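Novice: Let me begin by handing over the structure; questions about it come next.
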Amino acid sequence: MSQDVIYSINGSVISVLHSRTFAMREMVYVGEKELLGEVIRVDDDRIMIQVYESTTGLRPGEPVKGSGSLLSATLGPGILRNIYDGIERPLEEIQKTEGAFISEGKSIPSLDEQKKWDVTVKVKAGDRVTGGMIFACCQETSLIEHRSLIPLGMDGTVVKAATDGAYTVTDPIITVKCDKDETEREITLMQKWPIRTPRPIIGREPISTPLITGQRVIDTMFPIAKGGSSAIPGGFGAGKTMLQHQIAKWCDADIIIYVGCGERGNEMTQVLEEFGDLVDPKSGKKLLDRTCLIANTSNMPVAAREASIYTGVTIAEYYRDMGYHVALMADSTSRWAEALREISGRLEEMPAEEGFPAYLPSRIAQFYERAGYVDTLSGKKGSVTLIGAVSPQGGDFSEPVTQNTKRFVRCFWALDKSLAYARHYPAINWTQSYSEYVTDLTGWFSKNVARDFVDLRAEMQSILHEEAQLMEVVKLIGSDVLPEDQKLLLEIARVVRVGYLQQNSFHPEDTYVPLEKQYKMLKVISYLNRACQPLIAKHIPVSLMTKTGIFDEVIKMKYDVPNNNTALLDQYPAKIDAALAGIE
């Protein structure tokens with residue numbers, strides 16, 4: 001058979017004529033530089049390949065070689081603390097060898113193959129092993145123990161096992177005689193997995209545990225569960241990246257995967273620098289010790305942007321299979337959808353709404369469905385929580401990416417540009433946002449926080465919704481003509497908005513708030529509301545109540561009460577009674 005060569009080049013998409021060599025989704029090497037590509041269409045007379053690197057300088061007639069395998073992520077110790085591009089090339093290693101610019105076709109291993117890890121072998125000769133079982137452990141970082149897993153399809157008997165010691169990711173650790181074909185195969189600390197294929201599990205667990213973020217508007221009003229999925233839509237400058245930073249820093253996930261998908265280069269640089277400097281509040285060590293960063297900026301090849309999301313979620317599933325709780329931040333899925341649209345256009349596919357391909361909803365579903373709280377093949381429980389930012393053009397939530405994302409996530413944190421410009425952070429709009437996890441988490445909150453926690457949440461939401469309706473009237477005729485009970489509602493709503501929902505990420509006591517303090521703050525606000533009701537019944541003006549200063553004192557309790565001394569909040573009901581007693 002004659003050699004397969006390039007026939008045509010259309011941006012990142014190339015074609016090969018009359019080939020019977022390649023399979024659908026096969027990874028291929030394109031041109032003299034051996035650029036990485038993937039087969040995306042197989043016709044009778046033509047093969048279409050998307051190239052994950054710049055095709056500048058590529059010519060028709062250059063060779064195309066198959067790999068015989070799918071586009072895969074390399075998995076093993078050394079992923080954490082690393083910074084990759086969309087196809088898992090280590091950017092720091094590339095910088096050391098090539099400088100600031102990445103040349104095409106360079107094949108640098110995703111993992112450091114020279115570094116030795118202090119490995120503890122968990123199996124011995126004669127043991128039965130199955131796919132997904134833990135066979136060795138090593139300390140990947142100061143915070144995370146890496147648990148190496150038997151590759152899928154390697155069920156069999158261990159015939160040889162190495163002793164505990166220092167090994168590289170390419171050294172054989174055990175030799176297994178496989179049941180399937182009676183062959184003996186060596187297993188190392190490193191394995192590969194196709195990025196578009198979800199890793200197998202035993203089964204899914206009911207979602208019943210919240211992902212605690214320390215952000216009051218999320219934990220109380222719109223909670224997300226471990227193994228859940230959430231979208232953060234918002235226009236330019238609404239605070240999507242900042243909110244994801246806060247969640248990454250403070251949430252109680254074991255491991256953070258941050259995927260910068262098509263973001264601006266200077267913004268991504270800031271993210272990388274900040275993550276390198278952040279200190280993990282739980283351990284006092286570098287947050288990077290439990291973080292993997294995937295940086296795929298807007299000026300990088302568009303096809304790699306499409307792959308970066310899958311690379312990130314595959315790494316997340318790998319650590320989930322070890323028994324860890326993983327949170328993946330994707331910033332942003334709109335840029336990913338734009339990559340799909342561009343590639344679809346080059347393939348001359350029939351466009352759907354706003355030029356996006358007709359299969360956009362199914363691709364979004366495939367991504368978010370990889371979230372879950374699961375029983376793993378290693379016998380442990382783990383979870384992947386997916387939090388995807390959406391960047392609708394002009395802040396229009398009716399555009400296709402936002403609308404299709406809403407179909408597949410159960411938590412929706414709508415960011416409001418007007419709140420962000422008013423310096424109200426997090427700028428989550430409480431009338432447009434929702435969480436369907438509240439009913440799933442009610443039992444956990446009742447058991448671990450307080451029985452009336454969810455009731456207090458409902459009370460605050462009711463106050464905010466009534467305020468939103470009243471503000472329509474206030475805009476027309478002003479607040480002076482409102483009856484006193486409605487004026488009180490507006491004042492209590494102000495306490496909820498400014499004193500509870502607004503949070504200062506630079507204040508040591510307010511950047512993270514434990515659930516116990518959140519609950520007690522809700523109790524204080526609820527008590528203030530109930531304490532004012534008898535005064536309203538006696539026709540005492542709300543203006544006299546506000547002059548006592550108690551409303552402002554309740555607002556400032558988030559700063560005045562330390563997180564490690566929430567008992568001080570128990571004194572606030574007495575303060576409220578004393579302040580209001582003076583005007584009766």
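Ordered as shown in the structure tokens, chains take letters A, B, and onward, while each chain numbers its residues from 1 and ligands are numbered from 1 in the order shown.
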So that I can see what lies close to region 18-33 of chain A, please list as a PyMOL selection string the residues with an atom at most 6 Å from it, counting only C-alpha atoms and leaving out residues fewer than 5 positions away in the same chain.

Specialist: chain A and resi 38-40+45-46+62-67+69-71+105

Novice: What does the file look like for those residues with N, CA, C and O atoms, as a PDB file, in the first residue's frame?

Specialist:
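Saved the output as selection-v8.pdb:
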```
ATOM      1  N   GLU A  38      -5.912  13.856  15.186  1.00  0.00           N
ATOM      2  CA  GLU A  38      -6.920  12.848  15.512  1.00  0.00           C
ATOM      3  C   GLU A  38      -7.902  12.725  14.343  1.00  0.00           C
ATOM      4  O   GLU A  38      -8.347  13.740  13.794  1.00  0.00           O
ATOM      5  N   VAL A  39      -8.233  11.501  13.971  1.00  0.00           N
ATOM      6  CA  VAL A  39      -9.174  11.256  12.886  1.00  0.00           C
ATOM      7  C   VAL A  39     -10.584  11.607  13.365  1.00  0.00           C
ATOM      8  O   VAL A  39     -11.055  11.066  14.373  1.00  0.00           O
ATOM      9  N   ILE A  40     -11.263  12.512  12.640  1.00  0.00           N
ATOM     10  CA  ILE A  40     -12.596  12.939  13.082  1.00  0.00           C
ATOM     11  C   ILE A  40     -13.680  12.594  12.059  1.00  0.00           C
ATOM     12  O   ILE A  40     -14.860  12.737  12.346  1.00  0.00           O
ATOM     13  N   ASP A  45     -13.882   7.920   0.375  1.00  0.00           N
ATOM     14  CA  ASP A  45     -12.722   8.334  -0.410  1.00  0.00           C
ATOM     15  C   ASP A  45     -11.812   9.314   0.320  1.00  0.00           C
ATOM     16  O   ASP A  45     -10.798   9.734  -0.213  1.00  0.00           O
ATOM     17  N   ARG A  46     -12.165   9.694   1.564  1.00  0.00           N
ATOM     18  CA  ARG A  46     -11.387  10.745   2.233  1.00  0.00           C
ATOM     19  C   ARG A  46     -11.395  10.554   3.747  1.00  0.00           C
ATOM     20  O   ARG A  46     -12.418  10.196   4.335  1.00  0.00           O
ATOM     21  N   GLU A  62       3.044  15.728   2.322  1.00  0.00           N
ATOM     22  CA  GLU A  62       3.798  15.271   3.490  1.00  0.00           C
ATOM     23  C   GLU A  62       3.116  14.038   4.082  1.00  0.00           C
ATOM     24  O   GLU A  62       1.891  13.884   4.005  1.00  0.00           O
ATOM     25  N   PRO A  63       3.864  13.135   4.717  1.00  0.00           N
ATOM     26  CA  PRO A  63       3.298  11.863   5.176  1.00  0.00           C
ATOM     27  C   PRO A  63       2.400  11.994   6.396  1.00  0.00           C
ATOM     28  O   PRO A  63       2.541  12.928   7.196  1.00  0.00           O
ATOM     29  N   VAL A  64       1.465  11.067   6.520  1.00  0.00           N
ATOM     30  CA  VAL A  64       0.604  10.953   7.700  1.00  0.00           C
ATOM     31  C   VAL A  64       0.725   9.520   8.214  1.00  0.00           C
ATOM     32  O   VAL A  64       0.491   8.571   7.472  1.00  0.00           O
ATOM     33  N   LYS A  65       1.092   9.382   9.475  1.00  0.00           N
ATOM     34  CA  LYS A  65       1.315   8.050  10.047  1.00  0.00           C
ATOM     35  C   LYS A  65       0.315   7.790  11.167  1.00  0.00           C
ATOM     36  O   LYS A  65       0.035   8.668  11.990  1.00  0.00           O
ATOM     37  N   GLY A  66      -0.215   6.589  11.221  1.00  0.00           N
ATOM     38  CA  GLY A  66      -1.123   6.199  12.292  1.00  0.00           C
ATOM     39  C   GLY A  66      -0.377   5.720  13.523  1.00  0.00           C
ATOM     40  O   GLY A  66       0.782   5.307  13.452  1.00  0.00           O
ATOM     41  N   SER A  67      -1.043   5.769  14.668  1.00  0.00           N
ATOM     42  CA  SER A  67      -0.442   5.287  15.920  1.00  0.00           C
ATOM     43  C   SER A  67      -1.057   3.972  16.379  1.00  0.00           C
ATOM     44  O   SER A  67      -0.486   3.273  17.214  1.00  0.00           O
ATOM     45  N   SER A  69      -3.663   3.811  18.184  1.00  0.00           N
ATOM     46  CA  SER A  69      -4.329   4.009  19.478  1.00  0.00           C
ATOM     47  C   SER A  69      -5.147   5.292  19.440  1.00  0.00           C
ATOM     48  O   SER A  69      -4.974   6.143  18.560  1.00  0.00           O
ATOM     49  N   LEU A  70      -6.050   5.439  20.418  1.00  0.00           N
ATOM     50  CA  LEU A  70      -6.871   6.639  20.523  1.00  0.00           C
ATOM     51  C   LEU A  70      -6.070   7.752  21.192  1.00  0.00           C
ATOM     52  O   LEU A  70      -5.056   7.498  21.855  1.00  0.00           O
ATOM     53  N   LEU A  71      -6.530   8.999  21.024  1.00  0.00           N
ATOM     54  CA  LEU A  71      -5.908  10.120  21.716  1.00  0.00           C
ATOM     55  C   LEU A  71      -6.064   9.907  23.220  1.00  0.00           C
ATOM     56  O   LEU A  71      -7.185   9.824  23.729  1.00  0.00           O
ATOM     57  N   GLY A 105       5.524  19.739  16.929  1.00  0.00           N
ATOM     58  CA  GLY A 105       5.966  18.359  16.781  1.00  0.00           C
ATOM     59  C   GLY A 105       6.902  17.846  17.855  1.00  0.00           C
ATOM     60  O   GLY A 105       7.331  16.702  17.803  1.00  0.00           O
TER      61      GLY A 105
END
```

Novice: As a PyMOL selection string, please: all residues of region 17-111 of chain A that backbone DSSP puts in alpha helix (DSSP H).

Specialist: chain A and resi 91-98

Novice: Selection from above, N, CA and C atoms, as a PDB file, in the first residue's frame, can you write it?

Specialist:
```
ATOM      1  N   LEU A  91       4.264  22.260  30.063  1.00  0.00           N
ATOM      2  CA  LEU A  91       4.730  23.564  29.601  1.00  0.00           C
ATOM      3  C   LEU A  91       6.029  23.993  30.273  1.00  0.00           C
ATOM      4  N   GLU A  92       6.203  23.663  31.538  1.00  0.00           N
ATOM      5  CA  GLU A  92       7.434  24.059  32.229  1.00  0.00           C
ATOM      6  C   GLU A  92       8.642  23.327  31.646  1.00  0.00           C
ATOM      7  N   GLU A  93       8.478  22.053  31.323  1.00  0.00           N
ATOM      8  CA  GLU A  93       9.579  21.295  30.720  1.00  0.00           C
ATOM      9  C   GLU A  93       9.896  21.826  29.326  1.00  0.00           C
ATOM     10  N   ILE A  94       8.845  22.184  28.579  1.00  0.00           N
ATOM     11  CA  ILE A  94       9.063  22.736  27.232  1.00  0.00           C
ATOM     12  C   ILE A  94       9.805  24.064  27.326  1.00  0.00           C
ATOM     13  N   GLN A  95       9.458  24.861  28.340  1.00  0.00           N
ATOM     14  CA  GLN A  95      10.136  26.154  28.508  1.00  0.00           C
ATOM     15  C   GLN A  95      11.625  25.953  28.802  1.00  0.00           C
ATOM     16  N   LYS A  96      11.944  24.940  29.594  1.00  0.00           N
ATOM     17  CA  LYS A  96      13.353  24.687  29.927  1.00  0.00           C
ATOM     18  C   LYS A  96      14.163  24.316  28.687  1.00  0.00           C
ATOM     19  N   THR A  97      13.563  23.568  27.780  1.00  0.00           N
ATOM     20  CA  THR A  97      14.308  23.083  26.621  1.00  0.00           C
ATOM     21  C   THR A  97      14.211  24.016  25.413  1.00  0.00           C
ATOM     22  N   GLU A  98      13.096  24.751  25.286  1.00  0.00           N
ATOM     23  CA  GLU A  98      12.879  25.529  24.071  1.00  0.00           C
ATOM     24  C   GLU A  98      12.692  27.015  24.308  1.00  0.00           C
TER      25      GLU A  98
END
```

Novice: Output as a ChimeraX atom specification all residues of region 44-234 of chain A that backbone DSSP marks as strand (DSSP E).

Specialist: /A:46-51,64-70,72-75,83-84,117-121,128-129,134-139,145-149,156-161,165-167,174-178,184-187,191-194,203-204,229-233

Novice: Nearest residue to Asp416 (chain A) out of A:Leu211, A:Val481, A:Ala468, A:Ile428, using only C-alpha atoms?

Specialist: A:Ile428

Novice: What gap, in Å, lies between CA of Leu293 (chain A) and CA of Ile83 (chain A)?

Specialist: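 For CA of Leu293 (chain A) relative to CA of Ile83 (chain A), the distance reads 4.8 Å.
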
Novice: Tell me, in Å to one decimal, how far CA of Ile187 (chain A) is from CA of Ile150 (chain A).

Specialist: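 Going from CA of Ile187 (chain A) over to CA of Ile150 (chain A), I get 7.6 Å.
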
Novice: Find the spatial neighbours of region 310-316 of chain A, counting only C-alpha atoms, within a cut-off of 10 Å - ignore same-chain residues fewer than 4 positions away - and output them as a ChimeraX atom specification.

Specialist: /A:71-76,79-80,84-88,193-199,255-260,292-294,304-306,320-321,324-330,366-368,370-371,383-386

Novice: Have a look at A:Ile202, A:His245, A:Val217, A:Ser298 and name the one nearest to Gly265 (chain A); count only C-alpha atoms.

Specialist: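 Result for the nearest residue to Gly265 (chain A): A:Ser298.
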
Novice: Counting only C-alpha atoms, which of A:Leu347, A:Glu553, A:Ile201, A:Leu287 gets nearest to Val42 (chain A)?

Specialist: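 Under the stated criterion, the closest residue is A:Leu347.
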
Novice: Pick from A:Val401, A:Val169, A:Met322, A:Leu152: nearest to Gly355 (chain A), with only C-alpha atoms counted?

Specialist: A:Val401

Novice: Compile the contact shell of Gly372 (chain A) as a PyMOL selection string: residues with an atom at most 8 Å away, counting only C-alpha atoms, same-chain residues fewer than 3 positions apart removed.

Specialist: chain A and resi 204-205+207+226-228+369+383-385

Novice: In Å, how far is it from CA of Glu317 (chain A) to CA of Ala162 (chain A)?

Specialist: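 Atom-to-atom, CA of Glu317 (chain A) to CA of Ala162 (chain A), that is 27.1 Å.
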
Novice: Pick from A:Ala225, A:Leu340, A:Val279, A:Val123: nearest to Gly262 (chain A), with only C-alpha atoms counted?

Specialist: A:Leu340
